[in-house]
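Chemist: CSV, C-alpha atoms and all ligand atoms, file model25.csv:
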```csv
chain,number,residue,atom,x,y,z
T,10,MET,CA,2.3,166.8,242.6
T,11,SER,CA,-0.6,165.1,244.3
T,12,GLU,CA,-3.2,164.8,241.6
T,13,THR,CA,-5.0,161.8,240.2
T,14,ILE,CA,-5.5,162.2,236.5
T,15,LEU,CA,-7.8,160.3,234.2
T,16,VAL,CA,-7.1,160.3,230.5
T,17,THR,CA,-9.9,159.0,228.2
T,18,GLY,CA,-9.1,157.9,224.7
T,19,ALA,CA,-5.5,157.3,225.9
T,20,CYS,CA,-4.5,154.9,223.1
T,21,GLY,CA,-5.0,157.6,220.4
T,22,GLN,CA,-2.5,159.8,218.7
T,23,ILE,CA,-2.5,162.4,221.5
T,24,GLY,CA,-3.1,160.1,224.4
T,25,SER,CA,-0.2,157.8,223.7
T,26,GLU,CA,2.2,160.7,224.1
T,27,LEU,CA,0.3,162.8,226.6
T,28,VAL,CA,0.0,160.0,229.2
T,29,PRO,CA,3.8,159.4,229.5
T,30,ALA,CA,4.4,163.2,229.6
T,31,LEU,CA,1.8,163.6,232.4
T,32,ARG,CA,3.4,160.6,234.3
T,33,LYS,CA,6.6,162.6,234.5
T,34,VAL,CA,4.8,165.4,236.3
T,35,TYR,CA,2.1,163.8,238.3
T,36,ASN,CA,2.2,160.8,240.6
T,37,ARG,CA,-0.9,159.0,239.4
T,38,VAL,CA,-2.1,159.1,235.8
T,39,ILE,CA,-4.8,156.5,234.8
T,40,ALA,CA,-5.0,155.8,231.1
T,41,SER,CA,-8.3,154.6,229.8
T,42,ASP,CA,-9.6,153.5,226.4
T,43,LEU,CA,-11.9,151.0,224.8
T,44,LYS,CA,-8.9,149.4,223.1
T,45,GLU,CA,-6.2,147.2,224.5
T,46,PRO,CA,-3.3,149.4,225.6
T,47,PRO,CA,0.0,149.5,223.7
T,48,GLU,CA,3.1,148.5,225.8
T,49,SER,CA,4.0,152.2,226.4
T,50,LEU,CA,0.8,152.7,228.4
T,51,ASN,CA,0.6,149.4,230.2
T,52,ASP,CA,3.9,149.6,232.0
T,53,ALA,CA,2.7,151.6,235.0
T,54,SER,CA,-0.3,149.3,235.5
T,55,ASP,CA,-2.6,152.3,235.6
T,56,PHE,CA,-4.8,151.3,232.6
T,57,ILE,CA,-8.5,150.7,232.6
T,58,ARG,CA,-11.0,149.8,230.0
T,59,LEU,CA,-13.6,152.6,229.9
T,60,ASP,CA,-16.4,153.5,227.5
T,61,VAL,CA,-17.2,157.2,227.8
T,62,LEU,CA,-20.8,156.4,226.6
T,63,TYR,CA,-21.3,154.3,229.7
T,64,LYS,CA,-21.8,157.0,232.4
T,65,ASN,CA,-21.9,154.7,235.4
T,66,GLY,CA,-18.5,153.2,234.5
T,67,LEU,CA,-17.1,156.7,234.3
T,68,LEU,CA,-18.6,157.7,237.6
T,69,ASP,CA,-17.3,154.6,239.3
T,70,CYS,CA,-13.8,155.2,238.0
T,71,ILE,CA,-13.8,158.9,239.1
T,72,ARG,CA,-15.1,158.0,242.6
T,73,ARG,CA,-13.0,154.9,243.1
T,74,PHE,CA,-9.7,156.6,242.2
T,75,LYS,CA,-10.6,160.0,243.6
T,76,VAL,CA,-9.8,161.6,240.2
T,77,THR,CA,-8.9,165.3,240.5
T,78,GLN,CA,-8.3,166.1,236.7
T,79,VAL,CA,-9.7,164.6,233.5
T,80,TYR,CA,-8.2,164.9,230.0
T,81,HIS,CA,-11.1,163.8,227.8
T,82,LEU,CA,-9.5,162.8,224.6
T,83,ALA,CA,-11.9,160.1,223.3
T,84,ALA,CA,-13.4,161.4,220.1
T,85,VAL,CA,-14.1,160.6,216.4
T,86,LEU,CA,-12.2,162.8,214.0
T,87,SER,CA,-13.2,164.5,210.8
T,88,ALA,CA,-12.8,161.9,208.0
T,89,THR,CA,-14.1,159.0,210.1
T,90,GLY,CA,-16.9,161.2,211.3
T,91,GLU,CA,-18.1,162.0,207.7
T,92,ARG,CA,-18.2,158.3,207.0
T,93,ASN,CA,-20.3,157.6,210.1
T,94,PRO,CA,-22.0,160.8,211.3
T,95,GLU,CA,-24.3,159.1,213.8
T,96,MET,CA,-21.5,157.4,215.6
T,97,ALA,CA,-19.3,160.6,215.6
T,98,TRP,CA,-22.2,162.7,217.0
T,99,ARG,CA,-22.9,160.1,219.7
T,100,ILE,CA,-19.3,159.6,220.9
T,101,ASN,CA,-18.3,163.3,220.6
T,102,MET,CA,-21.5,164.7,222.2
T,103,LYS,CA,-22.8,162.1,224.6
T,104,GLY,CA,-19.2,161.2,225.7
T,105,LEU,CA,-18.4,164.8,226.5
T,106,ARG,CA,-21.7,165.4,228.3
T,107,ASN,CA,-21.2,162.3,230.5
T,108,VAL,CA,-17.7,163.6,231.3
T,109,LEU,CA,-18.9,167.1,232.1
T,110,ASP,CA,-21.7,165.8,234.3
T,111,VAL,CA,-19.6,163.4,236.2
T,112,CYS,CA,-16.8,166.0,236.7
T,113,ALA,CA,-19.1,168.7,237.9
T,114,ALA,CA,-20.9,166.4,240.3
T,115,ASN,CA,-17.8,164.9,241.8
T,116,ASN,CA,-15.5,167.8,242.5
T,117,VAL,CA,-13.1,167.1,239.7
T,118,ARG,CA,-10.7,170.1,239.8
T,119,LYS,CA,-9.9,170.5,236.2
T,120,LEU,CA,-11.1,169.1,232.8
T,121,PHE,CA,-9.2,169.3,229.5
T,122,PHE,CA,-11.3,169.4,226.3
T,123,PRO,CA,-9.6,168.9,222.9
T,124,SER,CA,-11.2,171.1,220.2
T,125,THR,CA,-10.0,171.6,216.7
T,126,ILE,CA,-9.6,173.9,213.7
T,127,ALA,CA,-12.6,172.0,212.3
T,128,VAL,CA,-14.9,174.2,214.4
T,129,PHE,CA,-14.3,176.8,211.7
T,130,GLY,CA,-15.9,176.6,208.3
T,131,PRO,CA,-15.8,178.0,204.7
T,132,THR,CA,-17.3,181.3,205.8
T,133,THR,CA,-14.5,181.9,208.4
T,134,PRO,CA,-11.5,184.1,207.4
T,135,LYS,CA,-8.9,181.7,206.1
T,136,ASN,CA,-5.7,183.4,207.1
T,137,GLY,CA,-4.8,184.4,210.6
T,138,THR,CA,-8.2,183.1,211.7
T,139,PRO,CA,-9.0,185.0,214.9
T,140,GLN,CA,-10.0,183.6,218.3
T,141,PHE,CA,-13.5,185.1,217.9
T,142,THR,CA,-14.9,184.9,214.4
T,143,VAL,CA,-17.6,183.3,212.2
T,144,MET,CA,-18.0,179.6,213.0
T,145,GLU,CA,-20.1,177.6,210.6
T,146,PRO,CA,-18.4,174.2,210.5
T,147,ASN,CA,-19.6,171.8,207.8
T,148,THR,CA,-18.4,168.4,209.1
T,149,ILE,CA,-20.0,166.5,211.9
T,150,TYR,CA,-16.7,166.5,213.7
T,151,GLY,CA,-16.6,170.3,213.6
T,152,ILE,CA,-20.2,170.7,214.5
T,153,SER,CA,-19.9,168.4,217.5
T,154,LYS,CA,-16.7,170.0,218.7
T,155,LEU,CA,-18.2,173.5,218.4
T,156,ALA,CA,-21.2,172.4,220.3
T,157,GLY,CA,-18.8,170.8,222.8
T,158,GLU,CA,-16.9,174.1,223.2
T,159,ARG,CA,-20.2,175.7,224.1
T,160,TRP,CA,-21.1,173.0,226.6
T,161,CYS,CA,-17.7,173.5,228.3
T,162,HIS,CA,-18.3,177.2,228.5
T,163,TRP,CA,-21.8,176.6,229.9
T,164,TYR,CA,-20.6,174.1,232.6
T,165,HIS,CA,-18.0,176.6,233.6
T,166,LEU,CA,-20.6,179.3,234.0
T,167,LYS,CA,-23.2,177.2,235.8
T,168,THR,CA,-21.0,175.0,238.0
T,169,GLY,CA,-17.6,176.7,238.1
T,170,LEU,CA,-15.9,173.6,236.6
T,171,ASP,CA,-12.4,174.6,235.6
T,172,VAL,CA,-12.5,173.5,232.0
T,173,ARG,CA,-9.9,174.4,229.5
T,174,GLY,CA,-9.6,173.6,225.8
T,175,LEU,CA,-7.4,173.9,222.7
T,176,ARG,CA,-8.3,174.0,219.1
T,177,TYR,CA,-5.7,171.6,217.8
T,178,PRO,CA,-4.4,171.9,214.3
T,179,GLY,CA,-3.3,168.8,212.4
T,180,LEU,CA,-0.8,166.9,214.7
T,181,ILE,CA,2.3,165.3,213.3
T,182,SER,CA,3.8,162.4,215.2
T,183,TYR,CA,5.5,159.0,214.8
T,184,LYS,CA,4.7,157.1,217.9
T,185,THR,CA,1.0,156.2,217.2
T,186,LYS,CA,-0.8,156.3,213.9
T,187,ALA,CA,-3.1,159.4,213.3
T,188,GLY,CA,-6.7,158.5,213.8
T,189,GLY,CA,-9.0,159.2,210.9
T,190,GLY,CA,-8.5,162.9,210.4
T,191,THR,CA,-8.2,165.0,207.3
T,192,THR,CA,-4.7,166.1,208.2
T,193,ASP,CA,-3.4,162.5,208.5
T,194,TYR,CA,-1.5,162.8,205.2
T,195,ALA,CA,1.2,164.8,207.1
T,196,VAL,CA,1.9,161.7,209.2
T,197,GLU,CA,1.5,159.0,206.5
T,198,ILE,CA,3.8,160.8,204.1
T,199,PHE,CA,6.8,160.3,206.4
T,200,PHE,CA,6.3,156.5,206.8
T,201,GLU,CA,5.8,156.1,203.1
T,202,ALA,CA,8.8,158.3,202.2
T,203,VAL,CA,11.1,156.2,204.5
T,204,GLN,CA,9.6,152.8,203.4
T,205,HIS,CA,8.7,153.2,199.7
T,206,LYS,CA,10.2,156.6,198.7
T,207,LYS,CA,6.8,157.6,197.3
T,208,TYR,CA,3.4,158.8,198.5
T,209,VAL,CA,0.0,159.3,196.9
T,210,CYS,CA,-1.6,162.3,198.7
T,211,TYR,CA,-5.4,162.5,199.1
T,212,LEU,CA,-5.2,166.4,199.2
T,213,SER,CA,-4.2,168.6,196.3
T,214,GLU,CA,-0.6,170.0,196.3
T,215,ASN,CA,-1.5,173.5,197.4
T,216,THR,CA,-3.9,172.8,200.2
T,217,VAL,CA,-2.4,174.8,203.1
T,218,LEU,CA,-3.5,173.7,206.6
T,219,PRO,CA,-2.4,174.6,210.1
T,220,MET,CA,-0.2,171.9,211.6
T,221,MET,CA,1.9,171.2,214.8
T,222,TYR,CA,4.5,168.8,215.9
T,223,MET,CA,3.4,166.6,218.8
T,224,PRO,CA,6.0,167.7,221.3
T,225,ASP,CA,4.7,171.2,220.9
T,226,ALA,CA,1.1,170.0,221.3
T,227,ILE,CA,1.9,168.0,224.4
T,228,ARG,CA,3.9,170.9,226.0
T,229,GLY,CA,1.2,173.4,225.2
T,230,THR,CA,-1.5,171.2,226.6
T,231,ILE,CA,0.3,170.8,229.9
T,232,GLU,CA,1.2,174.5,230.0
T,233,LEU,CA,-2.5,175.5,229.5
T,234,MET,CA,-3.6,173.1,232.3
T,235,GLU,CA,-1.0,174.4,234.7
T,236,ALA,CA,-1.6,178.1,234.1
T,237,PRO,CA,-3.2,179.9,237.0
T,238,ALA,CA,-7.1,179.9,236.6
T,239,GLU,CA,-7.2,183.7,236.6
T,240,ARG,CA,-5.1,183.7,233.4
T,241,ILE,CA,-7.8,181.7,231.5
T,242,SER,CA,-10.1,184.1,229.7
T,243,THR,CA,-11.8,181.6,227.5
T,244,ARG,CA,-13.6,178.5,228.6
T,245,SER,CA,-14.6,177.2,225.2
T,246,SER,CA,-11.2,176.6,223.6
T,247,TYR,CA,-8.1,178.5,222.6
T,248,ASN,CA,-6.8,179.0,219.1
T,249,PHE,CA,-3.5,177.1,219.1
T,250,SER,CA,-1.0,177.6,216.3
T,251,GLY,CA,2.2,175.9,215.2
T,252,ILE,CA,3.1,176.2,211.5
T,253,SER,CA,1.2,176.1,208.2
T,254,PHE,CA,2.2,174.3,205.0
T,255,SER,CA,0.9,172.5,201.9
T,256,PRO,CA,1.6,168.9,200.8
T,257,ALA,CA,3.9,170.3,198.1
T,258,GLU,CA,5.9,172.3,200.7
T,259,LEU,CA,6.2,169.2,203.0
T,260,ALA,CA,7.2,167.0,200.1
T,261,ALA,CA,9.9,169.4,199.0
T,262,GLU,CA,11.3,169.4,202.5
T,263,ILE,CA,11.3,165.6,202.7
T,264,LYS,CA,13.1,165.5,199.3
T,265,LYS,CA,16.0,167.4,200.8
T,266,HIS,CA,16.6,164.3,202.9
T,267,ILE,CA,15.4,161.6,200.5
T,268,PRO,CA,16.2,162.9,197.0
T,269,GLU,CA,14.4,159.9,195.3
T,270,PHE,CA,11.1,160.7,197.0
T,271,THR,CA,8.2,161.4,194.7
T,272,ILE,CA,4.6,162.5,195.4
T,273,GLN,CA,1.4,162.2,193.4
T,274,TYR,CA,-1.9,163.9,194.1
T,275,GLN,CA,-5.3,162.1,194.0
T,276,PRO,CA,-7.7,164.3,196.0
T,277,ASP,CA,-10.7,162.4,197.5
T,278,PHE,CA,-13.6,163.4,199.8
T,279,ARG,CA,-11.2,164.8,202.3
T,280,GLN,CA,-10.3,167.7,199.9
T,281,GLN,CA,-13.6,169.3,200.5
T,282,ILE,CA,-13.2,169.0,204.3
T,283,ALA,CA,-9.8,170.7,204.0
T,284,ASP,CA,-11.1,173.4,201.7
T,285,GLY,CA,-13.5,174.5,204.5
T,286,TRP,CA,-10.8,174.9,207.1
T,287,PRO,CA,-8.4,177.8,207.9
T,288,GLN,CA,-4.9,178.0,206.4
T,289,SER,CA,-3.4,179.8,209.4
T,290,ILE,CA,-4.5,180.5,212.9
T,291,ASP,CA,-4.0,183.7,215.0
T,292,ASP,CA,-3.4,182.4,218.6
T,293,SER,CA,-2.5,185.8,220.1
T,294,VAL,CA,-5.1,185.2,222.9
T,295,ALA,CA,-3.3,182.0,224.0
T,296,GLN,CA,0.1,183.8,223.8
T,297,ARG,CA,-1.3,186.7,225.9
T,298,ASP,CA,-3.1,184.6,228.5
T,299,TRP,CA,-0.7,181.7,229.2
T,300,GLY,CA,2.4,182.5,227.2
T,301,TRP,CA,2.0,180.0,224.3
T,302,GLN,CA,4.9,179.7,221.9
T,303,PRO,CA,5.6,176.8,219.5
T,304,ALA,CA,9.2,175.6,219.1
T,305,TYR,CA,9.2,173.4,215.9
T,306,SER,CA,9.7,174.8,212.4
T,307,LEU,CA,8.9,172.6,209.3
T,308,GLN,CA,12.6,171.9,208.8
T,309,ALA,CA,13.0,170.7,212.4
T,310,ILE,CA,9.8,168.6,212.2
T,311,VAL,CA,11.1,166.8,209.1
T,312,VAL,CA,14.5,166.1,210.5
T,313,ASP,CA,13.1,164.7,213.7
T,314,MET,CA,10.3,162.6,212.1
T,315,LEU,CA,12.7,161.0,209.6
T,316,GLN,CA,15.3,160.3,212.3
T,317,ASN,CA,12.7,158.6,214.6
T,318,ILE,CA,11.0,156.6,211.9
T,319,ARG,CA,14.3,155.3,210.6
T,320,ARG,CA,15.3,154.4,214.2
T,321,LEU,CA,11.9,152.6,214.7
T,322,LYS,CA,12.3,150.8,211.4
T,323,SER,CA,15.9,149.6,212.1
T,324,SER,CA,15.0,148.5,215.7
T,325,SER,CA,12.0,146.4,214.3
T,326,ALA,CA,14.0,144.9,211.4
K,1,LIG,N1,-6.6,166.5,212.8
K,1,LIG,C1,-8.0,166.7,212.8
K,1,LIG,C2,-8.7,166.1,211.6
K,1,LIG,O1,-8.1,166.2,210.6
K,1,LIG,C3,-8.3,168.2,212.8
K,1,LIG,O2,-8.4,168.6,214.1
K,1,LIG,O3,-9.8,165.7,211.7
```
Please render this file's structure as structure tokens.
Ligand code: SER
Modeler:
Amino acid sequence: MSETILVTGACGQIGSELVPALRKVYNRVIASDLKEPPESLNDASDFIRLDVLYKNGLLDCIRRFKVTQVYHLAAVLSATGERNPEMAWRINMKGLRNVLDVCAANNVRKLFFPSTIAVFGPTTPKNGTPQFTVMEPNTIYGISKLAGERWCHWYHLKTGLDVRGLRYPGLISYKTKAGGGTTDYAVEIFFEAVQHKKYVCYLSENTVLPMMYMPDAIRGTIELMEAPAERISTRSSYNFSGISFSPAELAAEIKKHIPEFTIQYQPDFRQQIADGWPQSIDDSVAQRDWGWQPAYSLQAIVVDMLQNIRRLKSSSA
């Protein structure tokens, strides 16, 4: 397909898997980040250093490469954001506004915006959280992403920019470390289980949160972006659901494969963040509009994660 795609924040948990997936579909995918690229992103030579806070650099890149689509992944997540609210606000807000401005003014055809379950808050219905509901987030991450959703909607209305977004749940993956979120335990636990057969969890045992396996998230993201524009009824972001589980349920599933595995619970400041979030998400609007269906169950995720982490461990030994 003749598109030139720019991915910001490409070295993060999503970007490091989305870029190779996009490269299978599109002929030119430019990965960008502030950081040095890992080998998996560097092989196709299409990597540039880019700071989304520096608008001229962004503009130059989009013009020079004649970028037709942008996946704007660069952001600060919930736990890091609570530690440094000023930085989180600046990167999440100013970065997005720069991207929106440059896209709208330079005929970029499509923009992807990653939103989050953190746009909801303690006053939102916790189970089967609907697409349209009370939204009173109480983290800077959630506040900035909710404002970001509204900016996306506004740009679509005012400029016609074809912007599409997903409210990602906690994402589980093994290729790149999770990046400062409240749901990161569901990644760390696997590495600790394989390596040390024990894990100290910073959330309490019955804290149920919405989660998704990365292959589902990547497929859903590309499916949303490839759906015909007339199918897209919401320009803020879609509810996007995989499965829901608690640390105790995940630990029990891991124990089926590693019987010696033990878990302890020592909740920290992230417990309060998690307590303000939904437990399960109703994504019937995404199902209706562009046919979203997740594929991975908890059992399938655990089998696949353990297999891949063991493989990585033995190949690096
Ligand atoms: N995984 C994110 C976080 O925990 C939620 O979108 O911050």
Chemist: At a cut-off of 8 Å and counting all atoms listed in the file, what residues surround ligand LIG 1 (chain K)? Please answer as a PDB file with C-alpha atoms, in the coordinates of the input.
Modeler:
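So part30.pdb came out as:
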```
ATOM      1  CA  LEU T  86     -12.200 162.800 214.000  1.00  0.00           C
ATOM      2  CA  SER T  87     -13.200 164.500 210.800  1.00  0.00           C
ATOM      3  CA  ALA T  88     -12.800 161.900 208.000  1.00  0.00           C
ATOM      4  CA  SER T 124     -11.200 171.100 220.200  1.00  0.00           C
ATOM      5  CA  THR T 125     -10.000 171.600 216.700  1.00  0.00           C
ATOM      6  CA  ILE T 126      -9.600 173.900 213.700  1.00  0.00           C
ATOM      7  CA  ALA T 127     -12.600 172.000 212.300  1.00  0.00           C
ATOM      8  CA  TYR T 150     -16.700 166.500 213.700  1.00  0.00           C
ATOM      9  CA  ARG T 176      -8.300 174.000 219.100  1.00  0.00           C
ATOM     10  CA  TYR T 177      -5.700 171.600 217.800  1.00  0.00           C
ATOM     11  CA  PRO T 178      -4.400 171.900 214.300  1.00  0.00           C
ATOM     12  CA  GLY T 179      -3.300 168.800 212.400  1.00  0.00           C
ATOM     13  CA  LEU T 180      -0.800 166.900 214.700  1.00  0.00           C
ATOM     14  CA  ALA T 187      -3.100 159.400 213.300  1.00  0.00           C
ATOM     15  CA  GLY T 189      -9.000 159.200 210.900  1.00  0.00           C
ATOM     16  CA  GLY T 190      -8.500 162.900 210.400  1.00  0.00           C
ATOM     17  CA  THR T 191      -8.200 165.000 207.300  1.00  0.00           C
ATOM     18  CA  THR T 192      -4.700 166.100 208.200  1.00  0.00           C
ATOM     19  CA  ASP T 193      -3.400 162.500 208.500  1.00  0.00           C
TER      20      ASP T 193
END
```
Chemist: Hey, what's within 7 Å of region 100-105 of chain T if we count only C-alpha atoms and toss same-chain stuff fewer than 3 positions away? As a ChimeraX atom specification, please?
Modeler: /T:61-62,84-85,96-97,108-109,153,157
Chemist: Could you save those same residues with C-alpha atoms as a PDB file, in the coordinates of the input?
Modeler:
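Once everything was written out, this is result.pdb:
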```pdb
ATOM      1  CA  VAL T  61     -17.200 157.200 227.800  1.00  0.00           C
ATOM      2  CA  LEU T  62     -20.800 156.400 226.600  1.00  0.00           C
ATOM      3  CA  ALA T  84     -13.400 161.400 220.100  1.00  0.00           C
ATOM      4  CA  VAL T  85     -14.100 160.600 216.400  1.00  0.00           C
ATOM      5  CA  MET T  96     -21.500 157.400 215.600  1.00  0.00           C
ATOM      6  CA  ALA T  97     -19.300 160.600 215.600  1.00  0.00           C
ATOM      7  CA  VAL T 108     -17.700 163.600 231.300  1.00  0.00           C
ATOM      8  CA  LEU T 109     -18.900 167.100 232.100  1.00  0.00           C
ATOM      9  CA  SER T 153     -19.900 168.400 217.500  1.00  0.00           C
ATOM     10  CA  GLY T 157     -18.800 170.800 222.800  1.00  0.00           C
TER      11      GLY T 157
END
```
Chemist: Please indicate the distance in Å from CA of Tyr183 (chain T) to CA of Phe200 (chain T), rounded to one decimal place.
Modeler: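 Spanning CA of Tyr183 (chain T) to CA of Phe200 (chain T) is a straight-line distance of 8.4 Å.
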Chemist: From the set T:Leu27, T:Ile272, T:Leu120, T:Val128, which residue has the shortest atom-to-atom contact distance to Ile152 (chain T), counting all atoms listed in the file?
Modeler: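 Smallest separation from Ile152 (chain T) among the options: T:Val128.
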Chemist: Could you make a table, as a tab-separated table, of the residues of region 217-236 of chain T that have an atom within 8 Å of an atom of region 249-263 of chain T, each with its nearest atom pair and distance in Å to one decimal, counting all atoms listed in the file, in chain and number order?
Modeler:
```
residue	atom	partner	partner_atom	distance
T:Val217	CA	T:Ser255	CA	4.2
T:Leu218	CA	T:Ser253	CA	5.5
T:Pro219	CA	T:Ser253	CA	4.3
T:Met220	CA	T:Ile252	CA	5.4
T:Met221	CA	T:Gly251	CA	4.7
T:Tyr222	CA	T:Gly251	CA	7.5
T:Asp225	CA	T:Gly251	CA	7.8
```
Chemist: Take CA of Ile39 (chain T) and CA of Thr13 (chain T) and report the distance between them in Å, one decimal.
Modeler: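 We find that CA of Ile39 (chain T) and CA of Thr13 (chain T) lie 7.6 Å from each other.
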Chemist: To one decimal place, how far is CA of Ile57 (chain T) from CA of Thr185 (chain T) in Å?
Modeler: 18.9 Å
Chemist: Of the candidates T:Ala83, T:Ala114, T:Glu235, T:Tyr63, which shows the shortest atom-to-atom distance to Gly188 (chain T), using only C-alpha atoms?
Modeler: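 Between T:Ala83, T:Ala114, T:Glu235, T:Tyr63, the residue approaching Gly188 (chain T) most closely is T:Ala83.
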Chemist: Return as AutoDock Vina command-line options the box centre and box size in Å, one decimal, for an axis-aligned box around all listed atoms of region 190-203 of chain T padded by 5 Å per side.
Modeler:
```
--center_x 1.3 --center_y 161.1 --center_z 206.3 --size_x 29.6 --size_y 20.0 --size_z 18.2
```
Chemist: My list of candidates is T:Tyr80, T:Phe129, T:Tyr194, T:Phe56. Which is closest to Asp42 (chain T) when distances are computed with only C-alpha atoms?
Modeler: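 Nearest to Asp42 (chain T): T:Phe56.
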Chemist: List the neighbours of Leu67 (chain T) out to 10 Å using only C-alpha atoms; skip same-chain residues closer than 3 positions along the sequence, and give me the result as a list of chain:residue names.
Modeler: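 Residues meeting the cut-off are T:Leu15, T:Thr17, T:Leu59, T:Asp60, T:Val61, T:Leu62, T:Tyr63, T:Lys64, T:Cys70, T:Ile71, T:Arg72, T:Arg73, T:Gly104, T:Asn107, T:Val108, T:Val111, T:Cys112.
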Chemist: Mind listing as a VMD selection string all residues within 12 Å of (-16.3, 178.0, 211.7), counting only C-alpha atoms?
Modeler: chain T and resid 125 to 135 138 to 148 150 to 156 176 285 to 287
Chemist: For region 241-245 of chain T, find every residue with an atom within 7 Å (counting only C-alpha atoms), except residues of its own chain fewer than 6 positions away, and show them as a short mmCIF file (atom, residue, chain, number, x, y, z; two decimals) with C-alpha atoms, in the coordinates of the input.
Modeler:
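Result file follows (part33.cif):
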```
data_model
loop_
_atom_site.label_atom_id
_atom_site.label_comp_id
_atom_site.auth_asym_id
_atom_site.auth_seq_id
_atom_site.Cartn_x
_atom_site.Cartn_y
_atom_site.Cartn_z
CA GLU T 158 -16.90 174.10 223.20
CA ARG T 159 -20.20 175.70 224.10
CA CYS T 161 -17.70 173.50 228.30
CA HIS T 162 -18.30 177.20 228.50
CA HIS T 165 -18.00 176.60 233.60
CA VAL T 172 -12.50 173.50 232.00
CA ARG T 173 -9.90 174.40 229.50
CA GLY T 174 -9.60 173.60 225.80
CA ASP T 298 -3.10 184.60 228.50
#
```
Chemist: Do you know which residues lie at most 12 Å from (0.5, 157.4, 235.4), with coordinates as in the file and all atoms listed in the file counted, and could you write them as a PDB file with C-alpha atoms, keeping the file's coordinate frame?
Modeler:
```
ATOM      1  CA  MET T  10       2.300 166.800 242.600  1.00  0.00           C
ATOM      2  CA  SER T  11      -0.600 165.100 244.300  1.00  0.00           C
ATOM      3  CA  GLU T  12      -3.200 164.800 241.600  1.00  0.00           C
ATOM      4  CA  THR T  13      -5.000 161.800 240.200  1.00  0.00           C
ATOM      5  CA  ILE T  14      -5.500 162.200 236.500  1.00  0.00           C
ATOM      6  CA  LEU T  15      -7.800 160.300 234.200  1.00  0.00           C
ATOM      7  CA  VAL T  16      -7.100 160.300 230.500  1.00  0.00           C
ATOM      8  CA  ALA T  19      -5.500 157.300 225.900  1.00  0.00           C
ATOM      9  CA  GLY T  24      -3.100 160.100 224.400  1.00  0.00           C
ATOM     10  CA  SER T  25      -0.200 157.800 223.700  1.00  0.00           C
ATOM     11  CA  GLU T  26       2.200 160.700 224.100  1.00  0.00           C
ATOM     12  CA  LEU T  27       0.300 162.800 226.600  1.00  0.00           C
ATOM     13  CA  VAL T  28       0.000 160.000 229.200  1.00  0.00           C
ATOM     14  CA  PRO T  29       3.800 159.400 229.500  1.00  0.00           C
ATOM     15  CA  ALA T  30       4.400 163.200 229.600  1.00  0.00           C
ATOM     16  CA  LEU T  31       1.800 163.600 232.400  1.00  0.00           C
ATOM     17  CA  ARG T  32       3.400 160.600 234.300  1.00  0.00           C
ATOM     18  CA  LYS T  33       6.600 162.600 234.500  1.00  0.00           C
ATOM     19  CA  VAL T  34       4.800 165.400 236.300  1.00  0.00           C
ATOM     20  CA  TYR T  35       2.100 163.800 238.300  1.00  0.00           C
ATOM     21  CA  ASN T  36       2.200 160.800 240.600  1.00  0.00           C
ATOM     22  CA  ARG T  37      -0.900 159.000 239.400  1.00  0.00           C
ATOM     23  CA  VAL T  38      -2.100 159.100 235.800  1.00  0.00           C
ATOM     24  CA  ILE T  39      -4.800 156.500 234.800  1.00  0.00           C
ATOM     25  CA  ALA T  40      -5.000 155.800 231.100  1.00  0.00           C
ATOM     26  CA  SER T  41      -8.300 154.600 229.800  1.00  0.00           C
ATOM     27  CA  SER T  49       4.000 152.200 226.400  1.00  0.00           C
ATOM     28  CA  LEU T  50       0.800 152.700 228.400  1.00  0.00           C
ATOM     29  CA  ASN T  51       0.600 149.400 230.200  1.00  0.00           C
ATOM     30  CA  ASP T  52       3.900 149.600 232.000  1.00  0.00           C
ATOM     31  CA  ALA T  53       2.700 151.600 235.000  1.00  0.00           C
ATOM     32  CA  SER T  54      -0.300 149.300 235.500  1.00  0.00           C
ATOM     33  CA  ASP T  55      -2.600 152.300 235.600  1.00  0.00           C
ATOM     34  CA  PHE T  56      -4.800 151.300 232.600  1.00  0.00           C
ATOM     35  CA  ILE T  57      -8.500 150.700 232.600  1.00  0.00           C
TER      36      ILE T  57
END
```
Chemist: With only C-alpha atoms as the basis for distance, which of T:Tyr305, T:Tyr247, T:Tyr164, T:Tyr208 is at the shortest distance from Pro224 (chain T)?
Modeler: T:Tyr305
Chemist: Taking all atoms listed in the file into account, which of T:Leu175, T:Ile318, T:Ile198, T:Val312 comes nearest Asn248 (chain T)?
Modeler: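 Closest residue, counting all atoms listed in the file: T:Leu175.
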Chemist: Tell me which of T:Glu232, T:Asp313, T:Asp110, T:Glu91 sits closest to Ile181 (chain T), counting all atoms listed in the file.
Modeler: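 Residue with the minimum atom-to-atom distance to Ile181 (chain T): T:Asp313.
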Chemist: As a tab-separated table (two decimals), keeping the file's coordinate frame, could you write out region 223-227 of chain T once it has been completed with N, CA and C atoms?
Modeler:
```tsv
chain	number	residue	atom	x	y	z
T	223	MET	N	3.95	167.06	217.50
T	223	MET	CA	3.40	166.60	218.80
T	223	MET	C	4.09	167.07	220.02
T	224	PRO	N	5.43	167.16	220.04
T	224	PRO	CA	6.00	167.70	221.30
T	224	PRO	C	5.55	169.08	221.63
T	225	ASP	N	5.32	169.92	220.63
T	225	ASP	CA	4.70	171.20	220.90
T	225	ASP	C	3.33	171.08	221.48
T	226	ALA	N	2.53	170.20	220.87
T	226	ALA	CA	1.10	170.00	221.30
T	226	ALA	C	1.06	169.54	222.75
T	227	ILE	N	1.95	168.60	223.08
T	227	ILE	CA	1.90	168.00	224.40
T	227	ILE	C	2.36	169.12	225.45
```
